[in-house]
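Heads up, start.txt below (compact mmCIF, C-alpha atoms (C1' of nucleotides)):
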```txt
# COMPACT_ATOMS: atom_id res chain seq x y z
CA MET A 1 -86.38 -152.82 -2.90
CA GLY A 2 -84.86 -150.38 -0.50
CA ARG A 3 -85.48 -150.24 3.14
CA TRP A 4 -88.00 -147.45 2.60
CA GLU A 5 -90.51 -146.47 -0.03
CA PRO A 6 -88.80 -144.45 -2.74
CA ASN A 7 -89.45 -140.81 -3.68
CA ALA A 8 -89.78 -139.46 -0.17
CA SER A 9 -89.48 -135.89 -1.40
CA ALA A 10 -92.19 -136.31 -4.04
CA ARG A 11 -94.47 -137.97 -1.53
CA LEU A 12 -93.98 -135.09 0.87
CA ARG A 13 -94.71 -132.55 -1.85
CA ALA A 14 -97.88 -134.35 -2.88
CA ALA A 15 -99.09 -134.80 0.68
CA ALA A 16 -98.42 -131.16 1.51
CA LEU A 17 -100.27 -129.80 -1.50
CA GLU A 18 -103.22 -132.07 -0.79
CA LEU A 19 -103.46 -130.96 2.80
CA TYR A 20 -102.94 -127.29 2.02
CA VAL A 21 -105.81 -127.51 -0.45
CA GLU A 22 -108.02 -129.56 1.84
CA ARG A 23 -107.74 -127.54 5.00
CA GLY A 24 -105.48 -124.58 4.32
CA PHE A 25 -101.82 -123.86 4.97
CA GLU A 26 -102.02 -122.73 8.58
CA GLN A 27 -104.36 -125.49 9.62
CA THR A 28 -101.89 -128.11 8.40
CA THR A 29 -99.04 -129.24 10.62
CA VAL A 30 -95.78 -130.63 9.37
CA ALA A 31 -96.45 -133.74 11.44
CA GLU A 32 -99.62 -134.35 9.45
CA ILE A 33 -97.87 -133.92 6.14
CA ALA A 34 -95.16 -136.32 7.17
CA GLN A 35 -97.65 -138.83 8.46
CA ARG A 36 -99.59 -138.81 5.20
CA ALA A 37 -96.33 -139.40 3.39
CA GLY A 38 -95.41 -142.23 5.74
CA LEU A 39 -92.52 -140.31 7.29
CA THR A 40 -91.72 -138.26 10.37
CA ALA A 41 -91.64 -134.51 10.80
CA ARG A 42 -87.88 -134.61 11.27
CA THR A 43 -87.52 -136.09 7.81
CA PHE A 44 -89.71 -133.38 6.29
CA PHE A 45 -87.18 -130.82 7.46
CA ARG A 46 -84.37 -132.79 5.89
CA TYR A 47 -85.97 -132.24 2.50
CA PHE A 48 -87.44 -128.79 2.93
CA ALA A 49 -86.05 -125.89 4.90
CA ASP A 50 -89.48 -124.96 6.18
CA LYS A 51 -93.16 -125.60 5.82
CA ARG A 52 -93.54 -123.19 2.92
CA GLU A 53 -90.65 -124.32 0.80
CA VAL A 54 -92.42 -127.54 -0.12
CA LEU A 55 -94.57 -125.49 -2.51
CA PHE A 56 -91.63 -123.79 -4.22
CA ASP A 57 -89.57 -126.73 -5.27
CA GLY A 58 -89.47 -126.00 -8.96
CA SER A 59 -88.61 -122.35 -8.66
CA ALA A 60 -84.86 -122.82 -8.98
CA THR A 61 -85.36 -124.69 -12.24
CA PHE A 62 -87.84 -122.09 -13.42
CA GLN A 63 -85.34 -119.35 -12.77
CA GLN A 64 -82.55 -121.20 -14.54
CA HIS A 65 -84.69 -121.61 -17.63
CA LEU A 66 -85.45 -117.90 -17.76
CA VAL A 67 -81.80 -117.08 -17.40
CA SER A 68 -80.75 -119.46 -20.19
CA ALA A 69 -83.41 -118.01 -22.44
CA LEU A 70 -82.06 -114.57 -21.75
CA ASP A 71 -78.52 -115.78 -22.35
CA SER A 72 -79.59 -117.24 -25.66
CA ALA A 73 -80.90 -113.94 -27.00
CA PRO A 74 -78.71 -112.59 -29.79
CA ASP A 75 -76.01 -110.10 -28.87
CA SER A 76 -77.79 -107.52 -30.95
CA ALA A 77 -80.90 -107.70 -28.74
CA SER A 78 -81.65 -104.70 -26.60
CA PRO A 79 -82.01 -105.25 -22.81
CA MET A 80 -85.79 -105.32 -23.01
CA GLN A 81 -85.69 -107.65 -26.01
CA ALA A 82 -83.49 -110.01 -24.04
CA VAL A 83 -85.87 -109.82 -21.10
CA SER A 84 -88.70 -110.50 -23.48
CA ALA A 85 -87.01 -113.75 -24.50
CA ALA A 86 -86.95 -114.75 -20.84
CA LEU A 87 -90.65 -113.96 -20.56
CA ASP A 88 -91.35 -116.19 -23.55
CA ALA A 89 -89.57 -119.00 -21.76
CA ALA A 90 -91.61 -118.35 -18.63
CA ALA A 91 -94.81 -118.46 -20.65
CA ALA A 92 -93.76 -121.74 -22.22
CA MET A 93 -93.06 -123.32 -18.85
CA LEU A 94 -96.14 -122.15 -17.00
CA GLY A 95 -98.52 -121.98 -19.90
CA GLU A 96 -98.96 -125.67 -20.37
CA ARG A 97 -100.20 -126.47 -16.86
CA ARG A 98 -102.97 -123.99 -16.36
CA GLU A 99 -104.98 -126.08 -13.94
CA PHE A 100 -102.01 -126.89 -11.75
CA SER A 101 -101.01 -123.25 -11.82
CA ARG A 102 -104.47 -122.19 -10.78
CA GLN A 103 -104.62 -124.60 -7.86
CA ARG A 104 -101.17 -123.78 -6.56
CA GLN A 105 -101.79 -120.09 -6.99
CA SER A 106 -105.03 -120.22 -5.04
CA VAL A 107 -103.26 -121.87 -2.11
CA ILE A 108 -100.55 -119.24 -2.17
CA ALA A 109 -102.94 -116.34 -2.58
CA ALA A 110 -104.85 -117.47 0.49
CA ASN A 111 -101.92 -117.10 2.86
CA ALA A 112 -99.67 -114.16 3.62
CA GLU A 113 -96.62 -116.23 4.52
CA LEU A 114 -96.86 -118.06 1.22
CA ARG A 115 -97.26 -114.80 -0.66
CA GLU A 116 -94.10 -113.57 1.03
CA ARG A 117 -92.24 -116.64 -0.10
CA GLU A 118 -93.54 -116.24 -3.63
CA LEU A 119 -92.39 -112.63 -3.68
CA ILE A 120 -88.89 -113.48 -2.59
CA LYS A 121 -88.66 -116.13 -5.28
CA MET A 122 -89.69 -113.55 -7.83
CA ALA A 123 -87.15 -111.14 -6.41
CA SER A 124 -84.57 -113.83 -6.89
CA VAL A 125 -85.62 -114.21 -10.52
CA SER A 126 -85.29 -110.47 -10.93
CA THR A 127 -81.79 -110.49 -9.49
CA ALA A 128 -80.79 -113.41 -11.69
CA LEU A 129 -82.09 -111.68 -14.81
CA ALA A 130 -80.26 -108.49 -13.87
CA ASP A 131 -77.06 -110.50 -13.42
CA ALA A 132 -77.54 -112.09 -16.81
CA LEU A 133 -78.04 -108.68 -18.40
CA ARG A 134 -74.92 -107.36 -16.73
CA ARG A 135 -72.97 -110.31 -18.10
CA ARG A 136 -73.92 -109.18 -21.58
CA GLY A 137 -72.62 -105.70 -20.89
CA VAL A 138 -75.70 -103.84 -19.74
CA ALA A 139 -74.98 -101.16 -17.15
CA ASP A 140 -75.98 -101.99 -13.60
CA ALA A 141 -78.92 -99.65 -13.15
CA ASP A 142 -80.32 -100.46 -16.57
CA ALA A 143 -80.00 -104.15 -15.85
CA ARG A 144 -81.90 -103.87 -12.59
CA LEU A 145 -84.60 -101.70 -14.05
CA ALA A 146 -85.14 -103.93 -17.06
CA ALA A 147 -85.29 -106.98 -14.83
CA GLU A 148 -87.74 -105.34 -12.44
CA ALA A 149 -89.92 -104.26 -15.31
CA GLY A 150 -89.80 -107.73 -16.81
CA VAL A 151 -90.80 -109.42 -13.57
CA GLY A 152 -93.54 -106.87 -13.14
CA VAL A 153 -94.92 -107.79 -16.54
CA LEU A 154 -94.60 -111.48 -15.71
CA ARG A 155 -96.52 -110.99 -12.50
CA VAL A 156 -99.34 -109.01 -14.05
CA ALA A 157 -99.65 -111.25 -17.09
CA PHE A 158 -99.61 -114.43 -15.05
CA GLU A 159 -102.29 -113.17 -12.77
CA ARG A 160 -104.48 -112.04 -15.63
CA TRP A 161 -104.05 -115.39 -17.33
CA VAL A 162 -104.79 -117.43 -14.23
CA THR A 163 -107.76 -115.31 -13.23
CA HIS A 164 -109.27 -114.86 -16.63
CA SER A 165 -112.06 -117.25 -17.45
CA GLY A 166 -111.23 -117.30 -21.16
CA ASP A 167 -108.44 -119.35 -22.61
CA ARG A 168 -105.97 -117.06 -24.26
CA GLU A 169 -102.41 -118.35 -24.26
CA LEU A 170 -100.14 -117.09 -21.50
CA SER A 171 -97.53 -116.16 -24.06
CA GLN A 172 -100.04 -113.91 -25.76
CA VAL A 173 -101.10 -112.21 -22.53
CA MET A 174 -97.44 -111.74 -21.70
CA ARG A 175 -96.66 -110.03 -25.01
CA GLU A 176 -99.72 -107.85 -24.67
CA SER A 177 -98.75 -106.79 -21.18
CA LEU A 178 -95.25 -105.91 -22.26
CA ALA A 179 -96.66 -103.80 -25.06
CA GLN A 180 -98.93 -102.07 -22.59
CA LEU A 181 -96.02 -101.25 -20.32
CA LYS A 182 -94.20 -99.72 -23.26
CA ALA A 183 -97.21 -97.61 -24.09
CA LEU A 184 -97.56 -96.46 -20.50
CA THR A 185 -93.96 -95.38 -20.13
CA ALA A 186 -93.97 -93.73 -23.54
CA ASP A 187 -96.46 -91.03 -22.60
CA ARG A 188 -94.95 -87.75 -21.77
CA MET B 1 -98.04 -91.11 36.25
CA GLY B 2 -99.59 -94.29 35.09
CA ARG B 3 -99.03 -97.66 36.52
CA TRP B 4 -96.44 -98.38 33.84
CA GLU B 5 -93.84 -96.45 31.92
CA PRO B 6 -95.44 -94.81 28.88
CA ASN B 7 -94.70 -95.50 25.22
CA ALA B 8 -94.44 -99.24 25.48
CA SER B 9 -94.64 -99.63 21.72
CA ALA B 10 -91.88 -97.11 21.07
CA ARG B 11 -89.66 -98.72 23.69
CA LEU B 12 -90.16 -102.09 22.07
CA ARG B 13 -89.33 -100.72 18.63
CA ALA B 14 -86.17 -99.07 19.90
CA ALA B 15 -85.05 -102.12 21.84
CA ALA B 16 -85.68 -104.39 18.89
CA LEU B 17 -83.74 -102.28 16.43
CA GLU B 18 -80.84 -102.00 18.85
CA LEU B 19 -80.66 -105.72 19.38
CA TYR B 20 -81.10 -106.57 15.72
CA VAL B 21 -78.19 -104.28 14.93
CA GLU B 22 -76.06 -105.51 17.82
CA ARG B 23 -76.39 -109.22 17.34
CA GLY B 24 -78.57 -109.83 14.30
CA PHE B 25 -82.21 -110.66 13.84
CA GLU B 26 -82.12 -114.41 14.34
CA GLN B 27 -79.83 -114.20 17.32
CA THR B 28 -82.29 -111.97 19.12
CA THR B 29 -85.21 -113.48 21.02
CA VAL B 30 -88.46 -111.72 21.67
CA ALA B 31 -87.89 -112.28 25.37
CA GLU B 32 -84.69 -110.25 25.15
CA ILE B 33 -86.37 -107.40 23.31
CA ALA B 34 -89.15 -107.30 25.86
CA GLN B 35 -86.72 -107.44 28.74
CA ARG B 36 -84.72 -104.52 27.41
CA ALA B 37 -87.97 -102.58 27.09
CA GLY B 38 -88.97 -103.54 30.62
CA LEU B 39 -91.87 -105.69 29.46
CA THR B 40 -92.71 -109.33 28.88
CA ALA B 41 -92.72 -111.31 25.67
CA ARG B 42 -96.48 -111.65 25.86
CA THR B 43 -96.81 -107.90 25.72
CA PHE B 44 -94.53 -107.70 22.70
CA PHE B 45 -97.02 -109.80 20.80
CA ARG B 46 -99.84 -107.53 21.86
CA TYR B 47 -98.17 -104.69 19.98
CA PHE B 48 -96.64 -106.53 17.04
CA ALA B 49 -98.04 -109.50 15.20
CA ASP B 50 -94.64 -111.10 14.98
CA LYS B 51 -90.96 -110.57 15.52
CA ARG B 52 -90.45 -108.95 12.12
CA GLU B 53 -93.31 -106.53 12.18
CA VAL B 54 -91.58 -104.36 14.77
CA LEU B 55 -89.34 -103.10 11.94
CA PHE B 56 -92.19 -102.22 9.62
CA ASP B 57 -94.28 -100.02 11.79
CA GLY B 58 -94.26 -96.96 9.60
CA SER B 59 -95.07 -98.73 6.38
CA ALA B 60 -98.81 -98.17 6.55
CA THR B 61 -98.26 -94.45 6.93
CA PHE B 62 -95.69 -94.50 4.17
CA GLN B 63 -98.15 -96.18 1.86
CA GLN B 64 -100.92 -93.74 2.72
CA HIS B 65 -98.70 -90.81 1.88
CA LEU B 66 -97.86 -92.25 -1.51
CA VAL B 67 -101.51 -92.83 -2.23
CA SER B 68 -102.52 -89.31 -1.26
CA ALA B 69 -99.74 -87.90 -3.41
CA LEU B 70 -101.06 -89.92 -6.31
CA ASP B 71 -104.59 -88.81 -5.57
CA SER B 72 -103.46 -85.20 -5.59
CA ALA B 73 -102.04 -85.38 -9.08
CA PRO B 74 -104.10 -83.36 -11.54
CA ASP B 75 -106.76 -85.17 -13.50
CA SER B 76 -104.87 -84.38 -16.64
CA ALA B 77 -101.84 -86.35 -15.49
CA SER B 78 -101.09 -89.61 -17.31
CA PRO B 79 -100.88 -92.80 -15.24
CA MET B 80 -97.09 -92.67 -15.12
CA GLN B 81 -97.15 -88.99 -14.24
CA ALA B 82 -99.45 -89.75 -11.34
CA VAL B 83 -97.16 -92.56 -10.23
CA SER B 84 -94.28 -90.16 -10.52
CA ALA B 85 -96.00 -87.87 -8.03
CA ALA B 86 -96.20 -90.78 -5.61
CA LEU B 87 -92.49 -91.42 -6.11
CA ASP B 88 -91.75 -87.81 -5.28
CA ALA B 89 -93.64 -88.23 -2.03
CA ALA B 90 -91.67 -91.39 -1.27
CA ALA B 91 -88.42 -89.57 -1.88
CA ALA B 92 -89.51 -86.76 0.40
CA MET B 93 -90.33 -89.15 3.23
CA LEU B 94 -87.29 -91.38 3.01
CA GLY B 95 -84.81 -88.86 1.75
CA GLU B 96 -84.45 -86.89 4.93
CA ARG B 97 -83.35 -89.79 7.14
CA ARG B 98 -80.53 -91.31 5.19
CA GLU B 99 -78.65 -92.70 8.16
CA PHE B 100 -81.69 -94.30 9.70
CA SER B 101 -82.62 -95.72 6.29
CA ARG B 102 -79.16 -97.14 5.88
CA GLN B 103 -79.13 -98.81 9.27
CA ARG B 104 -82.60 -100.28 8.95
CA GLN B 105 -81.88 -101.43 5.43
CA SER B 106 -78.71 -103.20 6.44
CA VAL B 107 -80.58 -105.14 9.10
CA ILE B 108 -83.25 -106.13 6.61
CA ALA B 109 -80.80 -107.02 3.88
CA ALA B 110 -78.98 -109.36 6.24
CA ASN B 111 -81.96 -111.60 6.82
CA ALA B 112 -84.17 -113.52 4.41
CA GLU B 113 -87.28 -113.38 6.56
CA LEU B 114 -87.00 -109.63 6.85
CA ARG B 115 -86.48 -109.29 3.12
CA GLU B 116 -89.65 -111.28 2.61
CA ARG B 117 -91.56 -108.96 4.87
CA GLU B 118 -90.16 -105.94 3.07
CA LEU B 119 -91.24 -107.37 -0.25
CA ILE B 120 -94.80 -107.93 0.85
CA LYS B 121 -94.98 -104.39 2.14
CA MET B 122 -93.82 -103.15 -1.24
CA ALA B 123 -96.37 -105.40 -2.91
CA SER B 124 -98.99 -103.81 -0.75
CA VAL B 125 -97.83 -100.37 -1.86
CA SER B 126 -98.07 -101.53 -5.46
CA THR B 127 -101.61 -102.76 -4.94
CA ALA B 128 -102.60 -99.54 -3.24
CA LEU B 129 -101.17 -97.45 -6.07
CA ALA B 130 -102.97 -99.58 -8.62
CA ASP B 131 -106.21 -99.10 -6.72
CA ALA B 132 -105.66 -95.36 -6.66
CA LEU B 133 -105.04 -95.33 -10.40
CA ARG B 134 -108.18 -97.33 -11.01
CA ARG B 135 -110.13 -94.83 -8.97
CA ARG B 136 -109.07 -92.13 -11.39
CA GLY B 137 -110.32 -94.19 -14.31
CA VAL B 138 -107.23 -96.07 -15.44
CA ALA B 139 -107.98 -99.51 -16.83
CA ASP B 140 -107.13 -102.43 -14.57
CA ALA B 141 -104.16 -103.87 -16.43
CA ASP B 142 -102.67 -100.44 -17.05
CA ALA B 143 -103.07 -99.56 -13.41
CA ARG B 144 -101.29 -102.69 -12.26
CA LEU B 145 -98.48 -102.31 -14.76
CA ALA B 146 -97.90 -98.67 -13.95
CA ALA B 147 -97.88 -99.43 -10.23
CA GLU B 148 -95.48 -102.34 -10.66
CA ALA B 149 -93.19 -100.21 -12.76
CA GLY B 150 -93.32 -97.42 -10.22
CA VAL B 151 -92.47 -99.68 -7.32
CA GLY B 152 -89.68 -101.18 -9.38
CA VAL B 153 -88.23 -97.73 -9.91
CA LEU B 154 -88.64 -96.96 -6.21
CA ARG B 155 -86.81 -100.11 -5.26
CA VAL B 156 -83.90 -99.57 -7.62
CA ALA B 157 -83.55 -95.90 -6.83
CA PHE B 158 -83.71 -96.42 -3.09
CA GLU B 159 -81.10 -99.10 -3.21
CA ARG B 160 -78.78 -96.98 -5.34
CA TRP B 161 -79.23 -94.03 -3.02
CA VAL B 162 -78.62 -96.03 0.13
CA THR B 163 -75.64 -97.88 -1.28
CA HIS B 164 -74.04 -94.98 -3.04
CA SER B 165 -71.23 -93.31 -1.13
CA GLY B 166 -71.96 -89.88 -2.62
CA ASP B 167 -74.75 -87.69 -1.43
CA ARG B 168 -77.12 -87.08 -4.29
CA GLU B 169 -80.71 -86.48 -3.25
CA LEU B 170 -83.03 -89.45 -3.33
CA SER B 171 -85.55 -87.47 -5.33
CA GLN B 172 -82.95 -86.90 -7.98
CA VAL B 173 -81.95 -90.56 -8.16
CA MET B 174 -85.62 -91.43 -8.37
CA ARG B 175 -86.28 -89.14 -11.31
CA GLU B 176 -83.18 -90.40 -13.06
CA SER B 177 -84.22 -94.00 -12.61
CA LEU B 178 -87.67 -93.31 -13.98
CA ALA B 179 -86.14 -91.66 -17.02
CA GLN B 180 -83.90 -94.68 -17.48
CA LEU B 181 -86.87 -97.02 -17.38
CA LYS B 182 -88.58 -94.95 -20.07
CA ALA B 183 -85.50 -95.12 -22.24
CA LEU B 184 -85.24 -98.87 -21.78
CA THR B 185 -88.81 -99.60 -22.71
CA ALA B 186 -88.71 -97.21 -25.62
CA ASP B 187 -86.21 -99.20 -27.67
CA ARG B 188 -87.66 -101.57 -30.20
C1' DA C 1 -69.34 -165.29 2.81
C1' DT C 2 -68.38 -161.75 5.96
C1' DC C 3 -67.44 -157.20 7.24
C1' DC C 4 -67.82 -152.37 7.05
C1' DG C 5 -69.05 -147.86 5.55
C1' DT C 6 -72.77 -145.07 4.03
C1' DG C 7 -77.02 -142.86 3.55
C1' DA C 8 -81.78 -142.37 4.62
C1' DT C 9 -84.65 -142.42 8.30
C1' DG C 10 -86.23 -142.54 13.21
C1' DT C 11 -86.11 -140.98 18.15
C1' DC C 12 -85.47 -137.75 21.66
C1' DA C 13 -84.70 -133.44 23.74
C1' DC C 14 -84.77 -128.74 23.40
C1' DT C 15 -85.35 -123.72 22.06
C1' DT C 16 -88.21 -120.27 20.28
C1' DG C 17 -92.26 -118.13 18.20
C1' DA C 18 -96.90 -117.49 18.88
C1' DT C 19 -101.56 -117.64 21.19
C1' DG C 20 -105.43 -118.36 24.50
C1' DA C 21 -107.27 -117.94 29.20
C1' DC C 22 -107.25 -115.78 33.22
C1' DA C 23 -105.34 -112.62 37.00
C1' DT C 24 -103.91 -108.04 38.56
C1' DC C 25 -104.41 -103.36 39.60
C1' DA C 26 -103.94 -98.01 38.88
C1' DG C 27 -106.83 -94.58 37.47
C1' DC C 28 -111.07 -92.75 35.99
C1' DG C 29 -115.90 -91.56 36.10
C1' DT C 30 -120.05 -91.94 38.69
C1' DA D 1 -116.69 -95.54 47.93
C1' DC D 2 -117.51 -98.40 43.93
C1' DG D 3 -117.06 -100.66 39.94
C1' DC D 4 -115.34 -100.53 35.12
C1' DT D 5 -111.60 -100.44 31.88
C1' DG D 6 -107.28 -100.99 29.78
C1' DA D 7 -102.62 -102.25 29.94
C1' DT D 8 -99.84 -105.64 31.61
C1' DG D 9 -98.38 -110.03 33.85
C1' DT D 10 -98.60 -115.18 34.53
C1' DC D 11 -99.26 -119.66 33.06
C1' DA D 12 -100.08 -123.31 29.91
C1' DT D 13 -99.78 -125.04 25.49
C1' DC D 14 -98.96 -125.87 20.60
C1' DA D 15 -96.23 -125.89 16.48
C1' DA D 16 -91.91 -124.79 13.94
C1' DG D 17 -87.41 -125.85 13.62
C1' DT D 18 -82.70 -127.97 15.04
C1' DG D 19 -78.95 -130.77 17.08
C1' DA D 20 -77.31 -135.24 18.63
C1' DC D 21 -77.37 -139.76 18.27
C1' DA D 22 -79.38 -144.46 17.06
C1' DT D 23 -80.81 -147.80 13.51
C1' DC D 24 -80.26 -150.77 9.76
C1' DA D 25 -80.67 -152.31 4.70
C1' DC D 26 -77.70 -152.07 0.97
C1' DG D 27 -73.55 -152.37 -1.70
C1' DG D 28 -68.83 -152.80 -2.17
C1' DA D 29 -64.28 -154.42 -0.34
C1' DT D 30 -61.73 -158.14 1.51
```

Take the structure in the file and write it out as structure tokens.
Amino acid sequence: MGRWEPNASARLRAAALELYVERGFEQTTVAEIAQRAGLTARTFFRYFADKREVLFDGSATFQQHLVSALDSAPDSASPMQAVSAALDAAAAMLGERREFSRQRQSVIAANAELRERELIKMASVSTALADALRRRGVADADARLAAEAGVGVLRVAFERWVTHSGDRELSQVMRESLAQLKALTADR
Amino acid sequence: MGRWEPNASARLRAAALELYVERGFEQTTVAEIAQRAGLTARTFFRYFADKREVLFDGSATFQQHLVSALDSAPDSASPMQAVSAALDAAAAMLGERREFSRQRQSVIAANAELRERELIKMASVSTALADALRRRGVADADARLAAEAGVGVLRVAFERWVTHSGDRELSQVMRESLAQLKALTADR
DNA sequence: ATCCGTGATGTCACTTGATGACATCAGCGT
DNA sequence: ACGCTGATGTCATCAAGTGACATCACGGAT
């Protein structure tokens, strides 16, 4: 055994989520999180840049998966078709943990600072998708617009799926939403 | 004359922007801003909720103008046509102060916290536009999607306009970008 | 077997952002 | 002349975040 309990980062993440759910984000101090994880506040900040980041650990991985899905789309795919492939990947990743998604989302929705952080992560996804589109030869403005539109669809579909009491698959809601966007922009 | 110099809020805004430009957002303390404005840090926080907010003073007004423009669109207008009216209003407001826009944008772009704040303001605009669409009878999902798409276009167009060395009108870039989005989503 | 470097953590001190409680006082209406 | 009000100051305090340095089990090198 090591000198310390293993998985410090995972313990911190678990403790933080628990406390944020129990008493809310603002009412939780970093010292409390660290204490519940058997560590000190200083150590918390060695693992996470700030108090919010502990909730957004998987977002880099999430983004990478979307980008690889987009990269894997055939060369013949149009920009929006390539983006659609990324959205399928997003649905596959998020769609299987509905309860976790709901819980995490409710914590984030309840706090403006956390919503800000969520938005910047999504903006990062948008930028990454636009980069990926550019790599496959799409013009800059088209790449940005397609990426923005894709993230917009992702946002709306995810929220509908999480909010909705029924149990339709996320992937289905996502495809529907994309179709709706197409219909909306197709009017004169 | 009053006991104090007038326009405390305006002095704080001016001092903050100056300092953020001179030495960057993080390198500027609230105490310094207040001092330059001839006030104390405590007073700064009576006018602005936090250190970032001082840069986003006009955003509520901005949002209101977009909403009224959308509200003023004829009943016969499609959702995207109504959104387009809001974009025209945005172009009219931002388009006449290119240098100010550039300066403010460069400060915001240079700092992650400020970008976060900008994003949540845009998210608020999106929500407000969606609400306005719903008020005119557009279905919820359509309203959200159209608003998201509109804000996406606004974002891309604004950034192109601010970055671009030429001097095309913002309204023109905006219309172009919207047309591009339509073309992108129209492909199979 | 001993020594040493390393990495994960702790400890301490400090700056800054942010907020609550209370004091001050010019100007205004009565 | 009086008291109220609103804008500001003063003071105390908490929590976020960071830099500097100490600690010490472990694992490899000698």

Handout entry: Residues of chain A within 7 Å of chain B, counting only C-alpha atoms, as number ranges by chain
Key = A: 80, 116-117, 119-120, 142, 144-146, 148-149, 152-153, 156, 180-182, 184-186

Practice task
Calculate how many Å separate CA of Ala90 (chain B) from CA of Val173 (chain B), rounding to one decimal.
Solution key: 11.9 Å

Exercise for the section: Pull out every residue of chain D that has at least one atom within 10 Å of chain B, counting only C-alpha atoms (C1' of nucleotides), and report them as a list in words. Expected result: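 Result: DA7, DT8, DG9 and DT10 of chain D.
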
Practice task
For chain C, report every residue with an atom at most 10 Å from chain A (counting only C-alpha atoms (C1' of nucleotides)), formatted as number ranges by chain.
Solution key: C: 8-11

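Our summary of the geometry notes that CA of Ser106 (chain B) is positioned 22.9 Å from CA of Ala31 (chain B).
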
Problem - Distance query 10 Å from (-99.1, -85.0, -6.2) using only C-alpha atoms (C1' of nucleotides), result as a ChimeraX atom specification - result: /B:65-74,77,81-89

Practice task
Within 12 Å of DG5 (chain C), counting all atoms listed in the file, which residues show up once you throw out same-chain ones fewer than 6 positions away? Write them as a list in words, please.
Solution key: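 Near neighbours after the sequence-gap exclusion: DC26, DG27, DG28 and DA29 of chain D.
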